[in-house]
Amino acid sequence: MKPKIAALAPKGKRMIEWAERHMPVLMTIRKEMSKEKSLKGLRVGMTLHIEAKTAALVRTLVAGGAEVAISGCNPLSTKDEVVAALMKDGINVYAWRGQSERDYYANIHQVLDHRPDILIDDGADLISITHAKRPERIPKIRGACEETTTGVNRLRAMAAGGKLKFPVIAVNDSPAKRLFDNRFGTAESTLQAIMGITNTLIAGKNIVVVGYGFVGRGIASRAKGLGAIVTIVETNSIRALEATMDGFRVTRMSEAARIGDIFITTTGSIDVIRKEHMGRMKDGAILANSGHFNVEISLKALEELSVRRRKVLEDVEEFRLRDGRRLYLLAEGRLVNLAGKRSLGHPMEIMDMSFALQALSVTYLAKHGRGLEPKVHDVPAEIDRRVAELKLKSLGIGLEKPTPVQIKYARSWLVGT
Ligand SMILES: NC(=O)c1ccc[n+]([C@@H]2O[C@H](COP(=O)([O-])OP(=O)(O)OC[C@H]3O[C@@H](n4cnc5c(N)ncnc54)[C@H](O)[C@@H]3O)[C@@H](O)[C@H]2O)c1
C-alpha cells in the first residue's frame with residue numbers, strides 16, 4: 001500500500017460504516033452468511049467500482065467465509081480512502097483513482113492470480129480477460145455475476161458465439177436491480193454529479209438525454225422534476241414512443257445538438273455524439289456520459305475539432321473549437337456519477353438491493369454453479385423476491401396478501417366461477 005493511501009484508512013472506514021448503516025438488506029444477508037459460512041474456502045475475484053457500498057459487499061462475502069481479491073472496473077471511479085480501509089482489513093485490493101489504462105488491465109490480471117472460484121464483474125472486462133488471456137483459470141471457476149447492462153450485452157454476445165465457458169448470472173437484468181438501480185439510482189447520482197461538478201442550475205435548462213432505456217428514463221424524469229426542458233434521442237421505436245407519451249420532445253441527434261445546454265448519454269453504444277453533432281452545439285454546452293464505457297461521446301472528434309483544450313475545474317475540461325465556441329466535457333467522458341472526484345455513485349439504499357442480489361447470487365453459484373450450463377442465467381426468482389421483501393420490511397411497508405378466494409379466482413379460467 002502506498003504510504004499516502006494508507007493514511008486514508010480511518011476516513012475510508014467511516015465512509016464504509018456510514019454506507020452499511022443504510023444497507024439493512026445486505027446487513028441481514030451478512031448475518032445469515034456469517035452464521036452459515038456459505039462461502040467457506042472459496043475465493044471471489046471482483047472487478048467493480050470501488051467505493052463505500054462496494055466495500056460493504058466485500059465485507060459481506062468475507063463474513064460468509066470467502067477470500068476476496070478486487071480491482072476497479074473504471075480507472076477513475078475508485079475511492080482511495082475505501083481502498084485503504086479494505087487493505088487495512090487484509091483484503092487484496094488492486095486499484096487506485098487515476099490509474100493508467102495499462103495498470104487497469106494489469107490489476108485485473110492480479111485478481112486472476114488469486115485463482116478465484118467465483119467472479120463478480122461490472123462491464124465484463126474481468127470475464128472477457130479470463131476467456132481471452134487467462135483460459136487456464138476457467139476450469140476452477142464455478143460461475144460469475146454481472147452487474148451492468150453493457151456487461152450482460154457483451155456476455156450474451158460471447159454466449160451466442162459459443163465462447164462463454166462458465167455460467168454467468170445477469171444480476172443487472174433482475175427486476176430488483178434494473179428497475180431501481182439503473183433507473184432511480186443512476187438518475188439521482190448522475191444529476192447530483194453534474195450539479196456537484198459544475199455548480200450549474202438544472203431548472204430551465206435544455207437537457208438532451210440520449211437513450212430512453214432504464215437509465216435514460218430515470219434521468220429524464222428526474223431532470224424534468226428539477227425543472228429542465230428535456231429532449232430525448234432514441235433509436236428504438238417503442239422507447240421513442242414511450243418517451244413521447246411520457247411528455248418529452250423526441251428528435252434526432254442532429255436536431256437535438258442545436259437545442260441542448262447539457263447532453264447526457266445513456267445508450268451503452270459507441271459514438272452517439274459525433275463530430276457532426278458537436279459542430280452544431282451551442283457555445284458552453286456541457287457533455288456528460290452515464291453509460292458504462294467512455295465511448296459514447298467521441299473524444300477523438302472533440303480533439304479533432306478543437307484548437308485548445310484545458311482543465312477548467314476538477315473534472316471539467318474545456319475544448320475550444322476553431323470558431324471560438326467552447327464545449328465542456330465532464331469526467332473525461334467516463335460515467336459521470338462515479339468517475340468524478342466528488343461523484344458519490346448511487347445512493348446507499350439503492351446499492352443495498354443491488355449488492356444483496358450479488359451476495360445471494362454468489363451464494364447460489366457456490367452451491368449450484370457446477371450444475372449450471374455455461375450461458376447467461378437470470379437471477380433465480382426466489383432471490384429477487386427475497387430482496388424486494390427484505391427491502392419493504394426494512395422500510396416498514398406492509399404487503400397486501402391475496403385472500404384464498406382471490407387466489408382461486410386468479411387460477412380459474414371458466415367464466416363465472
Ligand atoms: N452510470 C451508472 O451508474 C450506470 C448504472 C446502470 C447502467 N449503466 C449503463 O448505462 C447504459 C444503459 O443501460 P440501460 O440499462 O439503460 O440499457 P437499456 O438497454 O435499457 O437502454 C439503452 C437505450 O439506448 C438506446 N440506444 C442505443 N443506441 C442509441 C443511439 N445511438 N442513440 C440513441 N439511443 C440509443 C437503446 O435503444 C435503449 O433504449 C449501459 O452502458 C449500462 O451498463 C450505468
# chains A, B, ... in the order shown; residues from 1 in each chain; ligands from 1

$ residues_around --residues "Ala288 in chain A" --least-positions-apart "3" --cutoff "9 Å" --atoms "only C-alpha atoms" --output "list in words"
Thr190, Ile194, Ile262, Phe263, Ile264, Thr265, Ile297, Tyr328, Leu329, Leu330, Ala331, Glu332, Gly333, Arg334, Leu335 and Val336 of chain A

$ write_last_selection --atoms "C-alpha atoms" --output "JSON list (two decimals), in the first residue's frame"
[["chain", "number", "residue", "atom", "x", "y", "z"],
["A", 190, "THR", "CA", -25.95, 11.45, -12.41],
["A", 194, "ILE", "CA", -23.36, 17.09, -12.87],
["A", 262, "ILE", "CA", -26.45, 19.76, -21.23],
["A", 263, "PHE", "CA", -26.13, 16.40, -23.01],
["A", 264, "ILE", "CA", -26.25, 13.10, -21.10],
["A", 265, "THR", "CA", -25.53, 9.86, -22.96],
["A", 297, "ILE", "CA", -19.14, 10.88, -26.62],
["A", 328, "TYR", "CA", -17.20, 21.24, -21.70],
["A", 329, "LEU", "CA", -16.57, 17.55, -21.15],
["A", 330, "LEU", "CA", -17.18, 16.12, -17.67],
["A", 331, "ALA", "CA", -15.03, 13.38, -16.07],
["A", 332, "GLU", "CA", -13.24, 12.59, -19.35],
["A", 333, "GLY", "CA", -16.48, 11.21, -20.78],
["A", 334, "ARG", "CA", -16.45, 8.37, -18.26],
["A", 335, "LEU", "CA", -19.61, 7.58, -16.34],
["A", 336, "VAL", "CA", -20.08, 10.87, -14.58]]

$ closest_atom_pairs --of "chain A" --to "ligand 1" --cutoff "6 Å" --atoms "only C-alpha atoms and all ligand atoms" --output "tab-separated table"
residue	atom	partner	partner_atom_place_in_ligand_line	distance
A:Thr148	CA	ligand 1	43 (O)	4.4
A:Thr149	CA	ligand 1	43 (O)	3.9
A:Thr150	CA	ligand 1	43 (O)	3.9
A:Asn182	CA	ligand 1	6 (C)	4.1
A:Thr186	CA	ligand 1	3 (O)	5.0
A:Val210	CA	ligand 1	33 (C)	5.0
A:Gly211	CA	ligand 1	24 (O)	3.6
A:Tyr212	CA	ligand 1	39 (O)	4.7
A:Gly213	CA	ligand 1	21 (O)	3.2
A:Phe214	CA	ligand 1	16 (O)	3.8
A:Val215	CA	ligand 1	16 (O)	3.7
A:Gly216	CA	ligand 1	16 (O)	5.7
A:Val233	CA	ligand 1	33 (C)	5.0
A:Glu234	CA	ligand 1	34 (N)	3.7
A:Thr235	CA	ligand 1	34 (N)	4.7
A:Asn236	CA	ligand 1	37 (O)	4.3
A:Arg239	CA	ligand 1	39 (O)	5.9
A:Thr266	CA	ligand 1	12 (C)	4.9
A:Thr267	CA	ligand 1	24 (O)	3.5
A:Gly268	CA	ligand 1	41 (O)	3.3
A:Ser269	CA	ligand 1	28 (N)	5.1
A:Val272	CA	ligand 1	31 (N)	4.7
A:Ser290	CA	ligand 1	1 (N)	4.2
A:Gly291	CA	ligand 1	10 (O)	3.6
A:His292	CA	ligand 1	41 (O)	3.9
A:Leu335	CA	ligand 1	1 (N)	5.1
A:Asn337	CA	ligand 1	1 (N)	5.8

$ select_by_dssp --residues "range 244-311 of chain A" --states "strand (DSSP E)" --output "ChimeraX atom specification"
/A:249-250,262-265,286-289,306-311

$ select_by_dssp --residues "range 246-391 of chain A" --states "alpha helix (DSSP H)" --output "PyMOL selection string"
chain A and resi 253-259+275-278+299-305+336-339+348-368+381-391

$ atom_distance --atom1 "CA of Glu296 in chain A" --atom2 "CA of Ala193 in chain A"
17.8 Å

$ residues_around --residues "Asn172 in chain A" --least-positions-apart "3" --cutoff "6 Å" --atoms "only C-alpha atoms" --output "ChimeraX atom specification"
/A:147-148,177-178

$ atom_distance --atom1 "CA of Glu314 in chain A" --atom2 "CA of Gly196 in chain A"
10.6 Å

$ atom_distance --atom1 "CA of Ile16 in chain A" --atom2 "CA of Asp80 in chain A"
12.2 Å

$ residues_around --residues "Arg370 in chain A" --least-positions-apart "2" --cutoff "10 Å" --atoms "only C-alpha atoms" --output "list in words"
Lys140, Ile141, Arg142, Gly143, Phe166, Pro167, Leu365, Ala366, Lys367, His368, Leu372, Glu373 and Pro374 of chain A

$ write_last_selection --atoms "N, CA and C atoms" --output "PDB file, in the first residue's frame"
ATOM      1  N   LYS A 140     -11.441 -23.856 -12.868  1.00  0.00           N
ATOM      2  CA  LYS A 140     -11.737 -23.721 -11.430  1.00  0.00           C
ATOM      3  C   LYS A 140     -12.973 -22.840 -11.164  1.00  0.00           C
ATOM      4  N   ILE A 141     -13.384 -22.077 -12.162  1.00  0.00           N
ATOM      5  CA  ILE A 141     -14.438 -21.076 -11.922  1.00  0.00           C
ATOM      6  C   ILE A 141     -15.833 -21.705 -11.981  1.00  0.00           C
ATOM      7  N   ARG A 142     -16.570 -21.570 -10.874  1.00  0.00           N
ATOM      8  CA  ARG A 142     -17.932 -22.139 -10.817  1.00  0.00           C
ATOM      9  C   ARG A 142     -18.937 -21.264 -11.550  1.00  0.00           C
ATOM     10  N   GLY A 143     -18.650 -19.979 -11.608  1.00  0.00           N
ATOM     11  CA  GLY A 143     -19.579 -19.088 -12.288  1.00  0.00           C
ATOM     12  C   GLY A 143     -19.266 -17.652 -11.945  1.00  0.00           C
ATOM     13  N   PHE A 166     -18.309 -20.597 -18.696  1.00  0.00           N
ATOM     14  CA  PHE A 166     -18.902 -20.887 -17.380  1.00  0.00           C
ATOM     15  C   PHE A 166     -20.203 -20.090 -17.241  1.00  0.00           C
ATOM     16  N   PRO A 167     -21.075 -20.507 -16.307  1.00  0.00           N
ATOM     17  CA  PRO A 167     -22.361 -19.802 -16.177  1.00  0.00           C
ATOM     18  C   PRO A 167     -22.181 -18.399 -15.591  1.00  0.00           C
ATOM     19  N   LEU A 365     -24.301 -19.517  -6.687  1.00  0.00           N
ATOM     20  CA  LEU A 365     -23.266 -20.114  -7.557  1.00  0.00           C
ATOM     21  C   LEU A 365     -22.371 -21.070  -6.768  1.00  0.00           C
ATOM     22  N   ALA A 366     -22.094 -20.700  -5.506  1.00  0.00           N
ATOM     23  CA  ALA A 366     -21.249 -21.579  -4.683  1.00  0.00           C
ATOM     24  C   ALA A 366     -21.907 -22.950  -4.556  1.00  0.00           C
ATOM     25  N   LYS A 367     -23.240 -22.947  -4.427  1.00  0.00           N
ATOM     26  CA  LYS A 367     -23.963 -24.219  -4.241  1.00  0.00           C
ATOM     27  C   LYS A 367     -24.234 -24.917  -5.565  1.00  0.00           C
ATOM     28  N   HIS A 368     -24.692 -24.140  -6.561  1.00  0.00           N
ATOM     29  CA  HIS A 368     -25.235 -24.771  -7.763  1.00  0.00           C
ATOM     30  C   HIS A 368     -24.431 -24.512  -9.029  1.00  0.00           C
ATOM     31  N   LEU A 372     -24.737 -25.713 -13.520  1.00  0.00           N
ATOM     32  CA  LEU A 372     -25.394 -24.795 -14.469  1.00  0.00           C
ATOM     33  C   LEU A 372     -24.693 -24.815 -15.827  1.00  0.00           C
ATOM     34  N   GLU A 373     -25.495 -24.617 -16.869  1.00  0.00           N
ATOM     35  CA  GLU A 373     -24.925 -24.546 -18.235  1.00  0.00           C
ATOM     36  C   GLU A 373     -24.068 -23.283 -18.390  1.00  0.00           C
ATOM     37  N   PRO A 374     -23.049 -23.340 -19.250  1.00  0.00           N
ATOM     38  CA  PRO A 374     -22.245 -22.124 -19.476  1.00  0.00           C
ATOM     39  C   PRO A 374     -22.972 -21.131 -20.378  1.00  0.00           C
TER      40      PRO A 374
END

$ closest_residue --among "A:Leu191, A:Ala240, A:Val209, A:Ile202" --to "Leu226 in chain A" --atoms "only C-alpha atoms"
A:Ile202
